[in-house]
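Structure below is structure_35.csv: CSV, C-alpha atoms.
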chain,number,residue,atom,x,y,z
A,172,MET,CA,-26.7,33.1,-5.6
A,173,ILE,CA,-27.6,30.4,-3.1
A,174,LEU,CA,-27.5,27.7,-5.8
A,175,ASP,CA,-23.9,28.8,-6.8
A,176,ARG,CA,-22.8,28.6,-3.2
A,177,ILE,CA,-24.3,25.2,-2.7
A,178,SER,CA,-22.6,24.0,-5.8
A,179,TRP,CA,-19.3,25.3,-4.6
A,180,PHE,CA,-19.8,23.7,-1.2
A,181,LEU,CA,-20.5,20.4,-2.9
A,182,LEU,CA,-17.5,20.8,-5.0
A,183,MET,CA,-15.4,21.4,-1.9
A,184,LEU,CA,-16.7,18.1,-0.4
A,185,SER,CA,-16.2,16.1,-3.6
A,186,THR,CA,-12.7,17.4,-4.1
A,187,LEU,CA,-11.9,16.6,-0.5
A,188,VAL,CA,-12.8,12.9,-1.0
A,189,ALA,CA,-11.1,12.9,-4.4
A,190,ALA,CA,-8.0,14.5,-2.8
A,191,LEU,CA,-8.0,11.8,0.0
A,192,PHE,CA,-8.2,9.2,-2.7
A,193,ILE,CA,-5.4,10.6,-4.8
A,194,ALA,CA,-3.2,11.2,-1.7
A,195,TRP,CA,-3.8,7.6,-0.5
A,196,ASN,CA,-2.7,6.1,-3.8
A,197,LEU,CA,0.4,8.4,-4.1
A,198,PHE,CA,1.3,7.5,-0.5
A,199,ALA,CA,0.8,3.8,-1.1
A,200,LYS,CA,3.4,4.0,-3.9
A,201,VAL,CA,6.0,4.7,-1.3
A,202,ASP,CA,4.7,2.2,1.2
A,203,PHE,CA,3.2,5.0,3.3
A,204,LEU,CA,6.9,6.0,4.2
A,205,TYR,CA,7.3,2.9,6.3
A,206,PRO,CA,11.1,2.9,5.8
A,207,VAL,CA,11.1,6.4,7.4
A,208,TRP,CA,8.9,5.5,10.3
A,209,HIS,CA,11.0,2.4,10.8
A,210,GLU,CA,13.9,4.7,11.8
A,211,VAL,CA,11.9,7.5,13.4
A,212,MET,CA,9.9,5.1,15.7
A,213,ASP,CA,12.8,2.7,16.3
A,214,LEU,CA,10.7,-0.2,15.2
A,215,GLU,CA,13.7,-2.5,15.3
A,216,GLN,CA,13.7,-2.2,19.1
A,217,THR,CA,10.0,-3.1,19.2
A,218,ILE,CA,10.7,-6.1,17.1
A,219,GLN,CA,13.6,-7.2,19.2
A,220,THR,CA,11.5,-6.8,22.4
A,221,TYR,CA,8.3,-8.5,21.3
A,222,GLY,CA,9.5,-10.9,18.6
A,223,PRO,CA,10.8,-13.5,21.1
A,224,GLN,CA,7.5,-13.1,23.1
A,225,ASN,CA,5.2,-14.2,20.2
A,226,ARG,CA,3.1,-17.2,21.2
A,227,TYR,CA,2.6,-18.5,17.6
A,228,ARG,CA,5.6,-17.5,15.6
A,229,ASP,CA,9.3,-18.0,16.3
A,230,HIS,CA,12.6,-16.2,15.5
A,231,PHE,CA,11.1,-13.0,13.9
A,232,GLU,CA,13.8,-11.0,15.8
A,233,GLN,CA,16.3,-12.7,13.4
A,234,THR,CA,15.0,-10.8,10.4
A,235,ASP,CA,16.7,-7.6,9.3
A,236,ARG,CA,15.4,-4.2,8.3
A,237,ALA,CA,15.3,-5.1,4.6
A,238,GLU,CA,13.1,-8.2,5.3
A,239,GLN,CA,10.8,-6.1,7.4
A,240,LEU,CA,10.4,-3.5,4.7
A,241,ARG,CA,9.7,-6.3,2.2
A,242,LEU,CA,7.0,-7.7,4.4
A,243,PHE,CA,5.3,-4.4,4.9
A,244,SER,CA,5.5,-3.6,1.1
A,245,HIS,CA,3.9,-7.0,0.4
A,246,ILE,CA,1.0,-6.3,2.7
A,247,VAL,CA,0.5,-2.8,1.1
A,248,GLU,CA,0.5,-4.4,-2.3
A,249,SER,CA,-1.9,-7.2,-1.2
A,250,ILE,CA,-4.5,-4.9,0.3
A,251,HIS,CA,-4.7,-3.1,-3.1
A,252,GLN,CA,-5.1,-6.4,-4.9
A,253,ARG,CA,-8.1,-8.0,-3.1
A,254,GLY,CA,-5.9,-9.5,-0.4
A,255,GLU,CA,-4.1,-11.9,-2.7
A,256,GLY,CA,-1.0,-13.7,-1.5
A,257,LEU,CA,-1.4,-13.0,2.2
A,258,GLU,CA,-1.6,-16.6,3.3
A,259,ALA,CA,1.7,-17.5,1.6
A,260,LEU,CA,3.7,-14.6,3.0
A,261,SER,CA,6.7,-15.9,4.9
A,262,TYR,CA,9.7,-14.3,6.7
A,263,HIS,CA,13.4,-15.1,6.3
A,264,ASN,CA,16.7,-14.4,8.0
A,265,PRO,CA,19.4,-12.4,6.3
A,266,GLN,CA,20.8,-15.6,4.9
A,267,GLY,CA,17.5,-16.3,3.1
A,268,GLU,CA,16.5,-19.2,5.3
A,269,ARG,CA,12.7,-19.4,5.7
A,270,LEU,CA,11.7,-18.9,9.4
A,271,GLY,CA,8.0,-19.3,9.2
A,272,THR,CA,4.6,-18.0,7.9
A,273,PHE,CA,4.2,-14.4,8.8
A,274,LEU,CA,0.4,-14.0,9.3
A,275,THR,CA,-2.0,-16.0,11.4
A,276,GLU,CA,-5.4,-17.0,9.9
A,277,ALA,CA,-7.1,-14.2,11.9
A,278,GLU,CA,-4.7,-11.6,10.5
A,279,VAL,CA,-5.3,-12.8,7.0
A,280,VAL,CA,-9.0,-12.4,7.4
A,281,HIS,CA,-8.5,-8.9,8.9
A,282,LEU,CA,-6.3,-7.8,6.0
A,283,GLN,CA,-8.8,-9.2,3.5
A,284,ASP,CA,-11.4,-7.0,5.3
A,285,VAL,CA,-9.0,-4.1,4.9
A,286,ALA,CA,-8.7,-4.9,1.2
A,287,HIS,CA,-12.5,-4.9,0.8
A,288,LEU,CA,-12.6,-1.5,2.5
A,289,VAL,CA,-9.9,-0.2,0.2
A,290,MET,CA,-11.9,-1.3,-2.8
A,291,LYS,CA,-15.0,0.6,-1.5
A,292,PHE,CA,-12.8,3.7,-0.9
A,293,HIS,CA,-11.4,3.5,-4.4
A,294,LEU,CA,-15.0,3.4,-5.8
A,295,ALA,CA,-15.9,6.4,-3.7
A,296,GLY,CA,-12.8,8.2,-4.9
A,297,TRP,CA,-13.5,7.7,-8.6
A,298,LEU,CA,-17.2,8.7,-8.1
A,299,SER,CA,-15.9,11.9,-6.3
A,300,ILE,CA,-13.7,12.7,-9.2
A,301,LEU,CA,-16.5,12.3,-11.6
A,302,LEU,CA,-18.8,14.4,-9.4
A,303,SER,CA,-16.2,17.1,-9.1
A,304,MET,CA,-15.9,17.2,-12.9
A,305,LEU,CA,-19.7,17.4,-13.3
A,306,LEU,CA,-20.0,20.2,-10.8
A,307,LEU,CA,-17.1,22.1,-12.4
A,308,PHE,CA,-18.8,21.8,-15.8
A,309,LEU,CA,-22.1,23.1,-14.4
A,310,LEU,CA,-20.4,26.0,-12.6
A,311,TYR,CA,-18.5,26.8,-15.8
A,312,LYS,CA,-21.6,26.8,-17.9
A,313,ARG,CA,-23.5,29.0,-15.4
A,314,ARG,CA,-20.6,31.4,-15.2
A,315,ALA,CA,-21.2,31.0,-11.5
A,316,ALA,CA,-20.0,33.5,-8.9
A,317,ARG,CA,-17.1,32.0,-7.0
A,318,PRO,CA,-15.8,32.5,-3.5
A,319,SER,CA,-12.3,33.7,-3.4
A,320,LEU,CA,-9.5,31.3,-2.6
A,321,LYS,CA,-9.0,33.3,0.6
A,322,GLU,CA,-12.5,32.5,1.7
A,323,TYR,CA,-12.0,28.8,1.0
A,324,LEU,CA,-8.7,28.8,2.9
A,325,ILE,CA,-10.3,30.5,5.9
A,326,SER,CA,-13.2,27.9,5.9
A,327,ALA,CA,-10.8,25.0,5.4
A,328,GLY,CA,-8.6,26.3,8.3
A,329,ILE,CA,-11.6,26.6,10.6
A,330,PHE,CA,-12.7,23.1,9.6
A,331,ALA,CA,-9.2,21.7,10.2
A,332,ILE,CA,-8.9,23.3,13.6
A,333,LEU,CA,-12.3,22.1,14.8
A,334,SER,CA,-11.5,18.6,13.5
A,335,ALA,CA,-8.2,18.6,15.3
A,336,LEU,CA,-9.8,19.8,18.6
A,337,ALA,CA,-12.5,17.1,18.3
A,338,LEU,CA,-9.8,14.5,17.6
A,339,PHE,CA,-7.8,15.4,20.7
A,340,ALA,CA,-11.0,15.7,22.8
A,341,VAL,CA,-12.0,12.1,21.9
A,342,GLY,CA,-8.4,10.8,21.7
A,343,PRO,CA,-6.7,9.2,18.7
A,344,LYS,CA,-6.7,5.7,20.1
A,345,PRO,CA,-10.4,5.6,21.1
A,346,LEU,CA,-11.3,7.0,17.7
A,347,PHE,CA,-9.1,4.4,16.0
A,348,TYR,CA,-10.8,1.6,17.9
A,349,TRP,CA,-14.3,3.0,17.3
A,350,LEU,CA,-13.7,3.2,13.5
A,351,HIS,CA,-12.6,-0.4,13.5
A,352,THR,CA,-15.8,-1.5,15.2
A,353,VAL,CA,-17.8,0.4,12.5
A,354,ALA,CA,-15.7,-0.6,9.5
A,355,PHE,CA,-15.2,-4.3,10.1
A,356,PRO,CA,-17.5,-7.3,10.7
A,357,SER,CA,-18.2,-7.8,14.4
A,358,ASN,CA,-17.2,-11.5,14.3
A,359,HIS,CA,-13.8,-10.8,12.8
A,360,GLN,CA,-10.8,-10.1,15.0
A,361,TRP,CA,-9.1,-6.7,14.3
A,362,PHE,CA,-7.2,-6.1,17.6
A,363,PHE,CA,-4.0,-8.1,18.1
A,364,TYR,CA,-1.6,-8.0,21.0
A,365,TYR,CA,2.1,-7.7,20.3
A,366,GLN,CA,2.6,-11.2,21.8
A,367,GLU,CA,0.3,-12.8,19.3
A,368,SER,CA,0.9,-10.8,16.1
A,369,LEU,CA,4.1,-10.3,14.2
A,370,MET,CA,2.2,-7.8,12.0
A,371,THR,CA,1.3,-5.7,15.0
A,372,THR,CA,4.8,-5.9,16.3
A,373,MET,CA,6.4,-4.9,13.0
A,374,MET,CA,4.0,-2.0,12.6
A,375,GLN,CA,4.0,-1.0,16.3
A,376,ALA,CA,0.3,-0.6,15.8
A,377,PRO,CA,-1.6,1.6,16.3
A,378,ASP,CA,1.1,4.2,16.8
A,379,LEU,CA,2.3,3.8,13.2
A,380,PHE,CA,-1.1,4.6,11.8
A,381,ALA,CA,-1.1,8.0,13.6
A,382,TYR,CA,2.0,9.0,11.6
A,383,ILE,CA,0.6,7.7,8.4
A,384,ALA,CA,-2.8,9.4,8.9
A,385,ALA,CA,-1.2,12.8,9.7
A,386,VAL,CA,0.9,12.8,6.5
A,387,TRP,CA,-2.0,11.4,4.4
A,388,ILE,CA,-4.4,14.1,5.6
A,389,LEU,CA,-1.8,16.9,5.1
A,390,LEU,CA,-1.1,15.7,1.6
A,391,ALA,CA,-4.8,15.4,0.8
A,392,LEU,CA,-5.4,19.0,1.9
A,393,LEU,CA,-2.5,20.2,-0.3
A,394,ILE,CA,-4.0,18.3,-3.2
A,395,GLN,CA,-7.4,19.7,-2.6
A,396,VAL,CA,-6.1,23.3,-2.6
A,397,MET,CA,-4.5,22.5,-6.0
A,398,LEU,CA,-7.7,21.0,-7.3
A,399,LEU,CA,-9.8,24.0,-6.1
A,400,SER,CA,-7.3,26.4,-7.4
A,401,ALA,CA,-7.6,24.8,-10.8
A,402,ALA,CA,-11.4,25.0,-10.5
A,403,HIS,CA,-11.2,28.7,-9.7
A,404,ALA,CA,-9.0,29.2,-12.8
A,405,VAL,CA,-11.4,27.4,-15.1
A,406,ILE,CA,-14.4,29.4,-13.8
A,407,SER,CA,-12.7,32.8,-13.8
A,408,HIS,CA,-10.7,32.2,-17.1
A,409,ARG,CA,-7.6,33.5,-15.4
A,410,PHE,CA,-4.9,32.4,-13.0
A,411,ASN,CA,-5.3,35.2,-10.4
A,412,PHE,CA,-7.2,33.5,-7.6
A,413,LEU,CA,-7.0,36.1,-4.9
So, in terms of structure tokens, how does the structure I just supplied come out?
Amino acid sequence: MILDRISWFLLMLSTLVAALFIAWNLFAKVDFLYPVWHEVMDLEQTIQTYGPQNRYRDHFEQTDRAEQLRLFSHIVESIHQRGEGLEALSYHNPQGERLGTFLTEAEVVHLQDVAHLVMKFHLAGWLSILLSMLLLFLLYKRRAARPSLKEYLISAGIFAILSALALFAVGPKPLFYWLHTVAFPSNHQWFFYYQESLMTTMMQAPDLFAYIAAVWILLALLIQVMLLSAAHAVISHRFNFL
């Protein structure tokens, strides 16, 4: 029936948002694999190149890998706690000597904006989980006809291919910048040159975010397949989804 197909389509959308939410929180627990990207992207070389060029902060190139991982981890924790502790974040050399305050005032404001965005995303994630449970309950009570998992995978594959083509047609960086203009207040700075931001230098932004986004989306798609597989099992009362 048309109503059943609409319900399944809504369930696919709600589980996608829920999967993105779950994947984000799992990924955040391991600092979005920053220790891995630190090696893969040779971020130490970026820090050694641009650290001495910073106009507002000195001696960041004297920090070691452990300190850089600590700083990134602190930022990840802060944006999930309403931006708390960002102003006091400082960096140290391997001997523990304090070298300076890590973030500028503009960077603190930007990360607080990120924290507010994360809060909104968390709300959307929980609402999506609740909506998914409600739709699943309604489909179960109706004994609704269900599309096969093969049909879903074909649809999801087509969607992923079209999304990838659109992304490459627009370009990752232009899309990244456009999203920032939409997501953040127009009077708040969100673009920082390497020579004025230790944060941008340490993250080699926006390149790092491309790596993070790719893994996040792949993880979310895997979680969504698991969620929909479970939904199929509940509706069909069996575990043969094909």
Contacts of stretch 294-300 of chain A at 7 Å (only C-alpha atoms; same-chain gap of 6+ positions) as a PyMOL selection string:
chain A and resi 185-186+188-189+192
To one decimal place in Å, what is the distance between atom CA of A:Glu268 and atom CA of A:Phe363?
26.6 Å
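Shell of stretch 203-207 of chain A at 9 Å, with all atoms listed in the file counted and residues fewer than 4 places along the chain excluded, is A:Trp195, A:Leu197, A:Phe198, A:Ala199, A:Val211, A:Met212, A:Arg236, A:Leu240, A:Phe243, A:Ser244, A:Val247, A:Met374, A:Leu379, A:Ile383, A:Val386, A:Trp387.
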Suppose you want the space between atom CA of A:Trp361 and atom CA of A:Ile193; what is it in Å?
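Separation of atom CA of A:Trp361 and atom CA of A:Ile193: 26.0 Å.
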Non-local contacts of A:Glu215 (9 Å; all atoms listed in the file; under 3 positions in same chain excluded) as a PyMOL selection string
chain A and resi 209-210+212+218-220+232+235-236+373
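Separating atom CA of A:Ala376 from atom CA of A:Gln224 is a distance of 16.2 Å.
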Excluding stretch 342-358 of chain A and its own-chain neighbours fewer than 5 positions away, which residues fall within 9 Å of it when counting only C-alpha atoms? Please give them as a ChimeraX atom specification.
/A:281,284-285,288,337,377-378,381
